[in-house]
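Trainee: Structure in structure tokens, see below.
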Amino acid sequence: MPVAAAEEFLADLFERAGLPSLASGQMACALVDADVAGLPSHGLSQADMYIRRLRLGSVSSVVKPIVVESRAAMAVLDAQGMFGHLAGDAAMQMAIERGKETGVGVVAVRNSFHFGAAARYTRQASARDCIGIAMCNTKPMMPAPGGLEKLVGNNPLSIALPVSDGPEFVLDMALSEAALGKIRVYEREGKPLPPTWAVDRNGEPTTDAKAAIDGMLLPSGGAKGFGLSLAINLMCSLLSQGPGGDEVVPLYGDLSKPFLCSLLFLAIDIEHFRPAEDFRNEASAELAKVRASRAQVPPRTPGERSWTKRQGDGGRIDIPRALSATLNALAEEMGSPKRLPS
């Protein structure tokens with residue numbers, strides 16, 4: 001399906017659900033762009049849940065966060081339960097602006113709804129010759145190594161650096177072996193999980209996606225992933241004075257109950273350290289060296305897969321039939337004449 005048509009379809013649904021027109025277009029572009037980048041777990045697959053939450057009032061139709069605290073290089077924003085994509089765009093733009101003035105900009109956000117793919121925000125920074133860093137906390141879903149209790153979320157982290165040519169450098173990862181959204185894709189498609197992704201409620205390894213969702217995800221890298229995820233939860237929640245740990249409820253639980261989390265964005269302006277062009281050229285050379293290195297399987301640099309997908313999409317995205325059916329049923333329910341191809 002053409003990207004523009006998918007964006008138009010989604011924007012219409014968001015607007016019918018009560019989001020202002022410009023913000024509806026922004027949300028539609030954010031979700032479709034995730035599919036364009038080969039990240040379907042953060043794309044159209046989220047639209048039904050997002051829009052149902054908006055209609056139920058558990059996501060606010062507010063489109064601008066409140067500035068709670070503001071100093072030279074930092075700010076704290078209150079998203080008031082609005083879509084994290086909108087709050088995240090505003091926060092990263094503020095971080096970039098402050099980075100250009102002072103060398104680094106740091107913006108913490110509290111009371112935000114889910115913000116989608118973290119790479120969305122770090123790529124905005126790298127496009128402005130900044131190093132972009134974005135992270136957020138989620139509901140606890142991972143145990144400590146060897147533990148049987150959910151203690152931390154698989155809190156996502158993204159880092160993006162500007163390059164002069166070739167695939168961009170965009171590290172974007174959840175700190176579990178696999179993101180929950182990816183496991184839900186496996187569940188929807190009836191596919192078994194790799195055995196290292198999750199354990200069931202009793203702490204036993206499982207390849208069943210539903211048992212994994214009911215159980216616990218495993219941290220990437222064991223104790224290292226657990227420690228980094230714990231640090232992200234603490235930084236996001238304590239700097240923003242927002243929700244953290246058990247205060248973050250399930251995203252896919254009771255859709256009438258608000259899902260609120262905390263976000264953190266950093267932008268480091270390269271020109272404050274050295275000429276940005278030199279940085280970009282040297283970064284590109286280092287990444288090319290990695291891709292050209294001897295290996296049994298051709299190595300990829302962080303973000304290369306999504307970059308390649310963007311180059312070859314032809315302005316179109318693939319939408320699974322089951323997802324099309326779900327969203328078309330939602331469109332009919334909301335009185336929209338627009339439809340996705342089935």
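As shown in the structure tokens, the chain order sets the letters A, B, ...; within each chain, residues go from 1, and ligands are also counted from 1 in the order they appear.
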If you run DSSP on this backbone, which residues of stretch 51-261 of chain A come out as strand (DSSP E or B), and could you give them as a PyMOL selection string?

Mentor: chain A and resi 60+66-70+74-78+82+104-112+130-136+142+152+157-161+169-173+176+198-199+205+216-217+219+261

Trainee: For A:Gly99, please output as a count of residues only all residues within 10 Å (counting only C-alpha atoms; exclusion window: fewer than 5 positions along the same chain).

Mentor: 18

Trainee: Using only C-alpha atoms, which of A:Ala212, A:Leu230, A:Ala292, A:Val3 sits nearest A:Pro194?

Mentor: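 Of A:Ala212, A:Leu230, A:Ala292, A:Val3, the one nearest A:Pro194, counting only C-alpha atoms, is A:Ala212.
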
Trainee: Neighbouring residues of A:Leu56 were defined as those with any atom within 9 Å, considering only C-alpha atoms; residues of the same chain fewer than 3 positions away were excluded. Please report them as an mmCIF file with N, CA, C and O atoms, in the first residue's frame.

Mentor:
data_model
loop_
_atom_site.group_PDB
_atom_site.id
_atom_site.type_symbol
_atom_site.label_atom_id
_atom_site.label_comp_id
_atom_site.auth_asym_id
_atom_site.auth_seq_id
_atom_site.Cartn_x
_atom_site.Cartn_y
_atom_site.Cartn_z
ATOM 1 N N ILE A 51 -6.001 4.050 19.250
ATOM 2 C CA ILE A 51 -7.238 4.767 18.956
ATOM 3 C C ILE A 51 -8.337 4.380 19.934
ATOM 4 O O ILE A 51 -9.129 5.242 20.381
ATOM 5 N N ARG A 52 -8.392 3.119 20.322
ATOM 6 C CA ARG A 52 -9.388 2.714 21.325
ATOM 7 C C ARG A 52 -9.112 3.395 22.668
ATOM 8 O O ARG A 52 -10.052 3.823 23.352
ATOM 9 N N ARG A 53 -7.852 3.525 23.027
ATOM 10 C CA ARG A 53 -7.523 4.239 24.260
ATOM 11 C C ARG A 53 -7.914 5.711 24.160
ATOM 12 O O ARG A 53 -8.424 6.296 25.125
ATOM 13 N N VAL A 59 -5.955 8.003 26.922
ATOM 14 C CA VAL A 59 -4.913 8.828 26.326
ATOM 15 C C VAL A 59 -5.520 10.199 26.096
ATOM 16 O O VAL A 59 -6.638 10.309 25.587
ATOM 17 N N LEU A 255 -7.728 -1.053 28.828
ATOM 18 C CA LEU A 255 -7.532 0.096 27.940
ATOM 19 C C LEU A 255 -8.199 1.367 28.455
ATOM 20 O O LEU A 255 -7.935 2.453 27.940
ATOM 21 N N SER A 256 -9.050 1.241 29.463
ATOM 22 C CA SER A 256 -9.680 2.435 30.031
ATOM 23 C C SER A 256 -8.811 3.064 31.119
ATOM 24 O O SER A 256 -9.097 4.160 31.593
ATOM 25 N N LYS A 257 -7.738 2.367 31.507
ATOM 26 C CA LYS A 257 -6.857 2.847 32.561
ATOM 27 C C LYS A 257 -5.634 3.510 31.938
ATOM 28 O O LYS A 257 -4.945 2.902 31.121
#

Trainee: Set the distance at 10 Å and use only C-alpha atoms: which residues neighbour A:Gly25 once local chain neighbours fewer than 6 positions away are removed? I'd like the list as a list in words.

Mentor: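 Near A:Gly25, the qualifying residues are Glu7, Glu8, Phe9, Leu10, Ala11, Asp12, Phe14, Glu15 and Leu19 of chain A.
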
Trainee: A:Pro167, A:Asn202, A:Leu77, A:Ala108: which is nearest A:Arg310, counting only C-alpha atoms?

Mentor: A:Pro167

Trainee: Counting only C-alpha atoms, which residue out of A:Leu193, A:Val62, A:Leu234, A:Ala144 sits closest to A:Gly81?

Mentor: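 When distances to A:Gly81 are compared using only C-alpha atoms, the smallest one comes from A:Val62.
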
Trainee: For A:Leu264, which residue among A:Arg201, A:Arg300, A:Arg110, A:Arg316 is the nearest when counting only C-alpha atoms?

Mentor: A:Arg110

Trainee: With only C-alpha atoms as the counted atoms, please give the residues lying no more than 8 Å from A:Ala209, apart from itself and same-chain residues fewer than 2 positions off, as a PyMOL selection string.

Mentor: chain A and resi 183-184+186-187+191-193+206-207+211-213

Trainee: Any idea what the distance is between atom CA of A:Leu330 and atom CA of A:Gln46?

Mentor: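 About the pair atom CA of A:Leu330 and atom CA of A:Gln46: they are 12.6 Å apart.
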
Trainee: Provide the atom CA of A:Pro143 to atom CA of A:Cys236 distance in Å, to one decimal place.

Mentor: 19.3 Å

Trainee: Any idea what's packed within 12 Å of A:Ala47, counting only C-alpha atoms, ignoring anything in its chain fewer than 4 positions away? Could you give it as a ChimeraX atom specification?

Mentor: /A:6-7,9-14,17,24,27-32,34-35,40-43,51-54,83,114,116,323-324,326-328,330-331
